[in-house]
$ cat coords13.txt   # compact mmCIF, C-alpha atoms
# COMPACT_ATOMS: atom_id res chain seq x y z
CA MET I 1432 19.99 9.40 5.21
CA ALA I 1433 17.39 10.89 2.90
CA LEU I 1434 13.92 12.22 3.45
CA ASN I 1435 11.31 9.56 2.68
CA SER I 1436 7.86 10.53 3.90
CA SER I 1437 6.01 12.19 6.71
CA ALA I 1438 3.03 10.70 8.57
CA ASN I 1439 -0.01 12.37 10.09
CA SER I 1440 -0.34 12.80 13.85
CA ASN I 1441 -3.23 13.67 16.14
CA SER I 1442 -0.97 15.87 18.21
CA LYS I 1443 -1.02 19.57 17.38
CA SER I 1444 2.41 20.21 18.85
CA GLU I 1445 4.50 17.46 17.19
CA LYS I 1446 4.43 15.32 14.05
CA PRO I 1447 6.49 12.24 13.10
CA LEU I 1448 9.03 12.60 10.30
CA SER I 1449 10.27 9.41 8.62
CA LEU I 1450 13.78 9.05 7.15
CA ILE I 1451 15.25 6.11 5.23
CA TRP I 1452 18.07 4.46 7.14
CA GLY I 1453 20.49 1.69 6.26
CA CYS I 1454 23.89 0.17 7.09
CA GLU I 1455 26.21 -2.56 5.81
CA LEU I 1456 28.01 -5.27 7.82
CA ASN I 1457 30.88 -7.28 6.38
CA HIS I 1458 34.11 -9.03 7.42
CA GLU I 1459 35.91 -5.66 7.60
CA LYS I 1460 33.18 -3.79 9.48
CA GLN I 1461 31.36 -6.27 11.67
CA THR I 1462 29.57 -3.73 13.95
CA TYR I 1463 27.54 -0.60 13.38
CA THR I 1464 25.98 1.69 16.01
CA PHE I 1465 22.95 3.78 15.24
CA LYS I 1466 22.98 6.84 17.47
CA ILE I 1467 21.81 10.43 17.35
CA PRO I 1468 23.59 13.67 18.29
CA ASP I 1469 23.22 14.82 21.87
CA GLU I 1470 21.73 18.16 20.77
CA TRP I 1471 18.70 16.41 19.29
CA LYS I 1472 16.08 16.86 21.97
CA TYR I 1473 13.16 15.25 20.13
CA GLU I 1474 12.06 11.63 20.49
CA GLN I 1475 13.82 9.21 18.12
CA GLN I 1476 13.00 5.69 16.99
CA LEU I 1477 14.40 3.13 14.54
CA ALA I 1478 11.93 0.78 12.84
CA LEU I 1479 13.65 -2.11 11.03
CA ARG I 1480 12.28 -3.28 7.68
CA THR I 1481 14.62 -5.81 6.00
CA ILE I 1482 17.92 -7.64 6.48
CA CYS I 1483 19.35 -9.08 3.27
CA LEU I 1484 22.57 -10.47 1.82
CA GLY I 1485 24.54 -8.78 -0.96
CA GLU I 1486 25.15 -10.31 -4.36
CA LYS I 1487 28.77 -11.11 -3.37
CA ALA I 1488 27.84 -13.05 -0.24
CA LYS I 1489 29.29 -16.54 0.08
CA ASP I 1490 27.06 -19.56 0.57
CA GLU I 1491 27.52 -19.57 4.30
CA PHE I 1492 25.45 -18.68 7.34
CA ASN I 1493 25.45 -15.02 8.27
CA VAL I 1494 24.14 -14.27 11.75
CA VAL I 1495 23.10 -10.71 12.64
CA GLU I 1496 22.48 -9.75 16.27
CA ILE I 1497 21.88 -6.70 18.48
CA VAL I 1498 24.51 -5.95 21.08
CA PRO I 1499 23.12 -4.52 24.35
CA SER I 1500 24.27 -1.04 25.28
CA GLU I 1501 26.73 -0.42 28.07
CA ASP I 1502 23.99 1.02 30.28
CA SER I 1503 21.84 -2.09 29.91
CA HIS I 1504 21.72 -4.62 32.74
CA ASP I 1505 21.27 -7.50 30.28
CA THR I 1506 24.51 -8.18 28.40
CA THR I 1507 23.21 -11.07 26.29
CA PRO I 1508 23.15 -10.31 22.53
CA VAL I 1509 19.80 -10.70 20.73
CA PRO I 1510 19.88 -12.57 17.34
CA LEU I 1511 17.90 -10.84 14.58
CA ALA I 1512 18.35 -13.03 11.51
CA THR I 1513 20.32 -16.00 10.18
CA LEU I 1514 20.78 -15.73 6.41
CA LYS I 1515 22.26 -17.96 3.70
CA PRO I 1516 22.11 -17.25 -0.05
CA SER I 1517 20.89 -20.76 -0.99
CA VAL I 1518 18.33 -20.96 1.82
CA LEU I 1519 17.19 -17.52 3.02
CA PRO I 1520 18.84 -14.49 1.38
CA MET I 1521 16.49 -11.94 2.98
CA ALA I 1522 14.41 -11.57 6.14
CA THR I 1523 11.58 -9.08 6.66
CA MET I 1524 11.38 -7.34 10.00
CA VAL I 1525 7.84 -6.63 11.25
CA GLY I 1526 7.17 -4.68 14.44
CA VAL I 1527 10.87 -4.32 15.34
CA GLU I 1528 11.10 -0.76 16.69
CA LEU I 1529 14.21 0.22 18.60
CA THR I 1530 15.22 3.27 20.61
CA PRO I 1531 18.74 4.54 19.84
CA PRO I 1532 21.54 4.00 20.48
CA VAL I 1533 21.45 0.52 18.89
CA THR I 1534 24.50 -1.58 17.92
CA PHE I 1535 24.27 -4.28 15.21
CA ARG I 1536 26.94 -6.97 14.86
CA LEU I 1537 27.71 -9.64 12.28
CA ARG I 1538 28.49 -12.53 14.61
CA ALA I 1539 29.07 -15.17 11.94
CA GLY I 1540 29.76 -15.01 8.21
CA SER I 1541 31.55 -12.49 6.06
CA GLY I 1542 28.57 -10.69 4.47
CA PRO I 1543 27.90 -8.30 3.02
CA VAL I 1544 24.67 -7.92 4.97
CA TYR I 1545 22.42 -4.89 4.49
CA ILE I 1546 20.08 -3.68 7.23
CA THR I 1547 17.38 -1.17 6.27
CA GLY I 1548 14.72 0.66 8.22
CA GLN I 1549 13.08 3.97 8.99
CA HIS I 1550 14.42 6.61 11.33
CA VAL I 1551 11.36 8.26 12.89
CA THR I 1552 11.72 11.56 14.71
CA LEU I 1553 9.16 13.91 16.24
CA VAL I 1554 9.51 17.54 15.16
CA PRO I 1555 7.46 20.61 16.13
CA ASP I 1556 4.36 21.02 13.96
CA LEU I 1557 4.28 24.74 13.13
CA SER I 1558 1.49 24.40 10.56
CA TRP I 1559 -1.12 24.35 13.34
CA ASP I 1560 -0.09 27.85 14.41
CA ASP I 1561 -0.57 29.15 10.87
CA ASP I 1562 -3.98 27.47 10.62
CA ASP I 1563 -5.07 29.00 13.94
CA GLU I 1564 -4.02 32.46 12.79
CA GLU I 1565 -5.92 32.07 9.50
CA GLU I 1566 -9.04 30.90 11.36
CA ASP I 1567 -8.85 33.91 13.70
CA GLU I 1568 -8.55 36.28 10.74
CA GLU I 1569 -11.52 34.66 9.00
CA GLU I 1570 -13.64 34.94 12.15
CA GLU I 1571 -12.74 38.63 12.53
CA GLU I 1572 -13.67 39.31 8.89
CA GLU I 1573 -17.02 37.51 9.31
CA GLU I 1574 -17.81 39.47 12.48
CA LYS I 1575 -16.93 42.72 10.69
CA GLU I 1576 -19.20 41.89 7.74
CA VAL I 1577 -22.10 41.04 10.08
CA ALA I 1578 -21.64 44.34 11.94
CA GLU I 1579 -21.62 46.30 8.66
CA GLU I 1580 -24.82 44.57 7.52
CA GLU I 1581 -26.56 45.42 10.80
CA GLU I 1582 -25.50 49.06 10.50
CA SER I 1583 -26.79 49.27 6.92
CA GLN I 1584 -30.13 47.79 7.99
CA GLU I 1585 -30.44 50.32 10.80
CA ASP I 1586 -29.70 53.17 8.37
CA SER I 1587 -32.39 51.98 5.96
CA LEU I 1588 -35.19 51.80 8.58
CA PRO I 1589 -36.04 55.60 8.64
CA LYS I 1590 -36.20 55.62 4.84
CA ALA I 1591 -38.87 52.91 4.80
CA ILE I 1592 -41.30 55.00 6.94
CA LYS I 1593 -41.56 58.24 5.00
CA HIS I 1594 -45.22 59.38 4.80
CA PRO I 1595 -47.20 58.58 7.93
CA ALA I 1596 -49.33 61.77 7.38
CA SER I 1597 -50.47 60.68 3.91
CA ASN I 1598 -51.94 57.50 5.36
CA LYS I 1599 -53.96 59.56 7.86
CA ARG I 1600 -55.28 61.83 5.11
CA GLY I 1601 -56.30 58.85 3.03
CA SER I 1602 -58.31 57.37 5.90
CA ILE I 1603 -60.13 60.73 6.48
CA ALA I 1604 -61.03 61.02 2.78
CA LYS I 1605 -62.30 57.43 2.78
CA LYS I 1606 -64.57 58.12 5.78
CA LYS I 1607 -65.90 61.26 4.09
CA MET I 1608 -66.82 59.35 0.91
CA GLU I 1609 -68.60 56.66 2.92
CA LYS I 1610 -70.63 59.33 4.72
CA GLU I 1611 -71.67 60.94 1.40
CA GLU I 1612 -72.77 57.56 0.06
CA GLU I 1613 -74.93 56.99 3.14
CA ASN I 1614 -76.62 60.37 2.66
CA SER I 1615 -77.31 59.69 -1.02
CA VAL I 1616 -79.21 56.42 -0.35
CA PRO I 1617 -83.08 57.12 -0.46
CA SER I 1618 -85.20 56.37 2.61
CA ASP I 1619 -88.27 54.16 2.74
CA ASP I 1620 -90.61 57.15 2.64
CA ASP I 1621 -89.11 58.38 -0.63
CA VAL I 1622 -89.57 55.10 -2.44
CA ILE I 1623 -92.19 55.45 -5.22
CA PRO I 1624 -94.63 52.53 -5.36
CA SER I 1625 -94.50 50.51 -8.50
CA LYS I 1626 -97.36 50.41 -11.02
CA GLY I 1627 -97.90 46.74 -10.77
CA ARG I 1628 -101.18 44.93 -10.32
CA GLY I 1629 -103.21 46.27 -7.40
CA ALA I 1630 -101.02 49.24 -6.98
CA GLY I 1631 -102.81 52.26 -5.45
CA ARG I 1632 -105.90 50.34 -4.47
CA GLY I 1633 -107.20 50.62 -0.95
CA ARG I 1634 -108.13 47.76 1.26
CA LYS I 1635 -111.71 46.54 0.91
CA PRO I 1636 -113.88 47.14 3.97
CA ALA I 1637 -115.02 44.12 5.79
CA VAL I 1638 -118.68 43.11 5.24
CA LYS I 1639 -120.89 43.51 8.26
CA LYS I 1640 -123.15 40.59 9.16
$ encode --input "coords13.txt" --output "C-alpha cells"
Amino acid sequence: MALNSSANSNSKSEKPLSLIWGCELNHEKQTYTFKIPDEWKYEQQLALRTICLGEKAKDEFNVVEIVPSEDSHDTTPVPLATLKPSVLPMATMVGVELTPPVTFRLRAGSGPVYITGQHVTLVPDLSWDDDDEEEDEEEEEEEKEVAEEEESQEDSLPKAIKHPASNKRGSIAKKKMEKEEENSVPSDDDVIPSKGRGAGRGRKPAVKK
C-alpha cells in the first residue's frame, strides 16, 4: 500500500488518511482477506473503486463476491460483480464502503481479477496543537505591545504640560494692556468740537409775542 492523499476533516482531534489498496484474485488464489493489525486502535474503512479483468483473462464469466466473516450471523455470500472480457471487462464501485476484516472470493472463472479501492484510516491531528500554540504566542505578543504603548503614553503626559506659569503671566500682561488702552481713550468732555458750519454759535432766543 502506498500513500495517496489526505482529506480535510472538521474534527480537531482526528483526520482521515487515504491509502491506495488493491488485490488480485485468480485460479491459484481465489480468496483474499483485507484485515488490519490488532495494535491499530484507530477507525479503519475500505472504500471500493473498481473491479476489472486482467489482459490474460479468458472469455468467460468471472464472479466476485464477499464472504461473510465468521462472527457474522448471515453466512450468505454477497455478489459484487460479474465480469466477462467481451461483455463487461470492468465494473465501477460507487458507495461501497466496508469495515475490515473483509474477505473477497472469486466464485467462478479463473481471472485474473483486480480489485482496487482506498484504505481510509483516522489518525491524530497534531497540527491543531501547533496552531493553538502559535495563536497563544501571537496573542501574548500583541498584549505586550499594547501594554508598552500605554506605558509610553503615560510617560509622555508630564512632558506635554511644561509651562503652566507662563500661561498665567501671559493672561496678566494681556489684562494690563487692555486696562492701559481703556485709560488712553478720550472722554466726551475732552472732545474738541469741529469747525463745521454753525460750530460755536449759541441758540437763538425765542421771540416773545
$ atom_distance --input "coords13.txt" --atom1 "CA of Val1533 (chain I)" --atom2 "CA of Ser1517 (chain I)"
29.1 Å
$ residues_around --input "coords13.txt" --residues "Thr1513 (chain I)" --least-positions-apart "3" --cutoff "7 Å" --atoms "only C-alpha atoms" --output "PDB file with C-alpha atoms, in the coordinates of the input"
ATOM      1  CA  PHE I1492      25.450 -18.680   7.340  1.00  0.00           C
ATOM      2  CA  ASN I1493      25.450 -15.020   8.270  1.00  0.00           C
ATOM      3  CA  VAL I1494      24.140 -14.270  11.750  1.00  0.00           C
ATOM      4  CA  VAL I1495      23.100 -10.710  12.640  1.00  0.00           C
TER       5      VAL I1495
END
$ atom_distance --input "coords13.txt" --atom1 "CA of Arg1536 (chain I)" --atom2 "CA of Ile1497 (chain I)"
6.2 Å
$ atom_distance --input "coords13.txt" --atom1 "CA of Pro1468 (chain I)" --atom2 "CA of Leu1511 (chain I)"
25.4 Å
$ closest_residue --input "coords13.txt" --among "I:Glu1580, I:Glu1474, I:Glu1571, I:Asp1502" --to "Val1554 (chain I)" --atoms "all atoms listed in the file"
I:Glu1474
$ closest_residue --input "coords13.txt" --among "I:Asn1457, I:Glu1528, I:Glu1569, I:Lys1446" --to "Lys1487 (chain I)" --atoms "all atoms listed in the file"
I:Asn1457
$ closest_residue --input "coords13.txt" --among "I:Leu1553, I:Ser1503, I:Asp1469, I:Ala1512" --to "Thr1481 (chain I)" --atoms "all atoms listed in the file"
I:Ala1512
$ closest_residue --input "coords13.txt" --among "I:Val1527, I:Leu1456, I:Val1544, I:Leu1514" --to "Glu1491 (chain I)" --atoms "only C-alpha atoms"
I:Leu1514
$ closest_residue --input "coords13.txt" --among "I:Thr1534, I:Gln1476, I:Glu1581, I:Trp1471" --to "Val1551 (chain I)" --atoms "only C-alpha atoms"
I:Gln1476
$ closest_residue --input "coords13.txt" --among "I:Thr1530, I:Thr1462, I:Ser1500, I:Ser1541" --to "Lys1515 (chain I)" --atoms "all atoms listed in the file"
I:Ser1541
$ residues_around --input "coords13.txt" --residues "Gly1526 (chain I)" --least-positions-apart "6" --cutoff "12 Å" --atoms "only C-alpha atoms" --output "VMD selection string"
chain I and resid 1477 to 1481 1548 to 1549
